[in-house]
Structures are given as C-alpha cells and as structure tokens.
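To start, the structure itself, in structure tokens.
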Amino acid sequence: MACRVDLFAGMSRRLPLQLPLVLALALAAPPACAVKSPLIHRPTDATVDAAITELWTAEIRRVARDGDWLLSRAYYATSDLIVLGTSGEALSHGSIYDATRGMVIESIASGVREIPLAQFVQRNHLVIVVRPSNMTAADGRAAVARARSKIGAPFDVTGMFGFSDPDKFYCSELVYWASQTAARTGSHERVVTPSDLMKYGEVIYWSGTRDDAQLGEIAAGRHGADARTATAP
C-alpha cells in the first residue's frame, strides 16, 4: 500500500475526529509510512538541531525526577493525526521518566520499551515535563518500577477504544496506570490521551518548539529551564 500524506492538505486547525479513529488510522499505516510531518519541520541546520537536543536533555535532567511524565510531539505524520484529532495541548505521546537511570519508558506500536533520554528528546518538536499531582518522590520511584515491569508488553490497540487489556498498554495508558492516577485523583478514564494527562499534574518544564530561533536564545544565554518552569503556552 502506498503512503499518502495528502490527508493534511489545507488543514490549518484541529479536526473534529474521534481519538479511536485517529489512532486506528495511525496504527493501520504500514512501516514504510512512517513519513515526516508535513505540518512541522526540524531546523535545517544540523548543528542547531543537535544543540537544541543537548540543551533540552540537560534541562530535563536538571529539573525532572523519577516518575515525572514526558509529554511530547514528534515529527511524524501519525503524530499530526493524533494532534489534529484530539483536544487540548498539541501532544501526540506520553511517557514516564526514570531520572535515576536517565531513561524514558514508553509504549509504542512495537510495545513497551525504554530508551535513553537524549534519544527520546532528539525525535521531538517539543517536550513538556509534568509532575503528577499528590505524588511523593517515593511514589515516583514506585511508578517507574511499575512501568519497567511492563517492558516487553504488547501495544494495547483495543484499549484505545475503551476496552483495555490489563497485559497491554498504549502510550498514555501506561503512564496513567504506572502512576496510579485513578487511585490518587479519584478520576477514572476509559481512554486517556497524552493531552488528558496535563490535568493530572503540574507543568514543571516546557521546552518551547525546536526551531532555528532557539539558537539565538542559546547564544544570548537566555534559554533556560528556570524561565519556563510551571508555564506552558
């Protein structure tokens, strides 16, 4: 099946699509269709791009702790579909941070895995760090342990339609479950999106978008996590 990205032609705002349909479309795409986003673009200068990755990685390491959530938007057409089809912040993915090891635990189409923080940051247009409400440092470590215990678990396709399989996880479902969000907040979600997770915690870091303008901020010494703590656009 040929890849098609003309779905995005003329789109300038979010579409009134249902999340399960959007995610089903994303998962139905063959591997060859992991195409670049036609809506957002990386810096054209590889040096700038690498400098931003290095900066964000260092800032997140400085402010985040075990169990914090990393909410993000990547440079893929499937990420665009999720953003266009859901409400709230323009986010396409949720994951959980293991600060002790410098790793990110996430569920992608191939299942639950962990990757180094820098590798995670490198693929993203923006990253928001959210600290879950009513979570102590010990709770955060416990959340990381629960998430790590599911490494290798399959992706939960039916969960995105509200029929969760306890042995499978989609991205934000893993984060919501590992952090025991329902027990801590009293809120029970059948389907939880990356942007839904924003209401269950406090933003402690917002990267800004990855673009050439950030190079000037880096050079001027104005770009730093403290200036963006607890605020998002």
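Letters for chains follow the order of the structure tokens (A, B, ...), residue numbers begin at 1 for each chain, and ligand numbers begin at 1 in the order shown.
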
Query raised in the report: Which neighbours of segment 60-64 of chain A fall inside 10 Å, counting only C-alpha atoms, when residues of the same chain fewer than 5 positions from it are skipped, and could you give them as a PyMOL selection string?
Result: chain A and resi 55+69-70+97-100+102+117-118+121+127-131+204-207+225-226+229

Report task. Name the residues in contact with Arg141 of chain A at a cut-off of 12 Å, using only C-alpha atoms, excluding same-chain residues fewer than 6 positions from it; report them as a PyMOL selection string. Result -> chain A and resi 65-68+96-101+135+147-148+178-179

For the selection just defined, write its residues with C-alpha atoms to a file, as a compact mmCIF listing (two decimals), in the first residue's frame.
# COMPACT_ATOMS: atom_id res chain seq x y z
CA ARG A 65 12.75 13.38 38.89
CA ASP A 66 11.73 9.73 38.90
CA GLY A 67 8.12 9.26 37.86
CA ASP A 68 7.65 12.59 36.09
CA ILE A 96 7.46 8.21 32.05
CA TYR A 97 10.91 9.32 33.15
CA ASP A 98 13.45 7.27 35.07
CA ALA A 99 15.75 10.02 36.35
CA THR A 100 17.98 7.61 38.24
CA ARG A 101 18.99 5.82 35.04
CA MET A 135 2.98 12.12 44.11
CA ALA A 147 6.36 0.89 34.25
CA ARG A 148 9.66 -1.00 33.96
CA ALA A 178 2.03 3.15 36.36
CA SER A 179 1.42 6.37 38.28

Requested in this report: From the DSSP assignment of the backbone, select every residue of segment 93-224 of chain A that is strand (DSSP E), and format the answer as a PyMOL selection string.
Outcome: chain A and resi 93-98+103-108+111-116+124-132+201-206

Output the selection as a PDB file, in the first residue's frame - C-alpha atoms for each residue.
ATOM      1  CA  HIS A  93       2.781  10.923  23.045  1.00  0.00           C
ATOM      2  CA  GLY A  94       3.084  10.267  26.778  1.00  0.00           C
ATOM      3  CA  SER A  95       5.965   8.515  28.573  1.00  0.00           C
ATOM      4  CA  ILE A  96       7.458   8.206  32.053  1.00  0.00           C
ATOM      5  CA  TYR A  97      10.911   9.323  33.147  1.00  0.00           C
ATOM      6  CA  ASP A  98      13.451   7.275  35.071  1.00  0.00           C
ATOM      7  CA  MET A 103      15.931   6.554  30.653  1.00  0.00           C
ATOM      8  CA  VAL A 104      12.445   7.040  29.242  1.00  0.00           C
ATOM      9  CA  ILE A 105       9.881   4.219  29.462  1.00  0.00           C
ATOM     10  CA  GLU A 106       7.254   4.350  26.734  1.00  0.00           C
ATOM     11  CA  SER A 107       4.791   2.258  24.783  1.00  0.00           C
ATOM     12  CA  ILE A 108       4.991   2.472  21.002  1.00  0.00           C
ATOM     13  CA  GLY A 111       5.273  -2.498  22.660  1.00  0.00           C
ATOM     14  CA  VAL A 112       6.676  -1.146  25.922  1.00  0.00           C
ATOM     15  CA  ARG A 113      10.383  -0.287  25.871  1.00  0.00           C
ATOM     16  CA  GLU A 114      12.933   2.064  27.407  1.00  0.00           C
ATOM     17  CA  ILE A 115      15.338   4.397  25.610  1.00  0.00           C
ATOM     18  CA  PRO A 116      17.954   6.970  26.697  1.00  0.00           C
ATOM     19  CA  ASN A 124      10.631  15.591  19.319  1.00  0.00           C
ATOM     20  CA  HIS A 125       9.418  19.035  18.287  1.00  0.00           C
ATOM     21  CA  LEU A 126       8.551  19.900  21.885  1.00  0.00           C
ATOM     22  CA  VAL A 127       8.655  18.252  25.309  1.00  0.00           C
ATOM     23  CA  ILE A 128       6.633  19.099  28.417  1.00  0.00           C
ATOM     24  CA  VAL A 129       7.538  17.668  31.829  1.00  0.00           C
ATOM     25  CA  VAL A 130       4.551  17.172  34.121  1.00  0.00           C
ATOM     26  CA  ARG A 131       4.846  16.200  37.775  1.00  0.00           C
ATOM     27  CA  PRO A 132       1.804  14.089  38.765  1.00  0.00           C
ATOM     28  CA  GLY A 201      -0.261  17.195  37.311  1.00  0.00           C
ATOM     29  CA  GLU A 202       1.796  20.368  37.325  1.00  0.00           C
ATOM     30  CA  VAL A 203       3.909  21.539  34.399  1.00  0.00           C
ATOM     31  CA  ILE A 204       7.465  21.993  35.648  1.00  0.00           C
ATOM     32  CA  TYR A 205       9.198  22.360  32.302  1.00  0.00           C
ATOM     33  CA  TRP A 206       8.250  23.361  28.778  1.00  0.00           C
TER      34      TRP A 206
END

Report task. List the neighbours of Glu173 of chain A out to 8 Å using only C-alpha atoms; skip same-chain residues closer than 4 positions along the sequence, and give me the result as a PyMOL selection string. Result -> chain A and resi 169+177+191-193

Output C-alpha atoms of each residue in that selection to a file, as a compact mmCIF listing (two decimals), in the first residue's frame.
# COMPACT_ATOMS: atom_id res chain seq x y z
CA PHE A 169 -0.64 -0.67 27.09
CA TRP A 177 -1.58 3.14 35.10
CA VAL A 191 -9.49 6.25 27.24
CA VAL A 192 -6.77 8.75 28.18
CA THR A 193 -4.93 10.88 25.63

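Closest approach to Asp49 of chain A among A:Lys36, A:Arg73, A:Lys199, A:Arg123 is made by A:Arg123 (distances from only C-alpha atoms).
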
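One distance worth recording is that between atom CA of Ile151 of chain A and atom CA of Cys171 of chain A, which is 12.2 Å.
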
Requested in this report: Could you give me, as a ChimeraX atom specification, the residues within 7 Å of segment 37-47 of chain A, counting only C-alpha atoms and dropping anything in the same chain fewer than 5 positions from it?
Outcome: /A:75-77,80,210-212
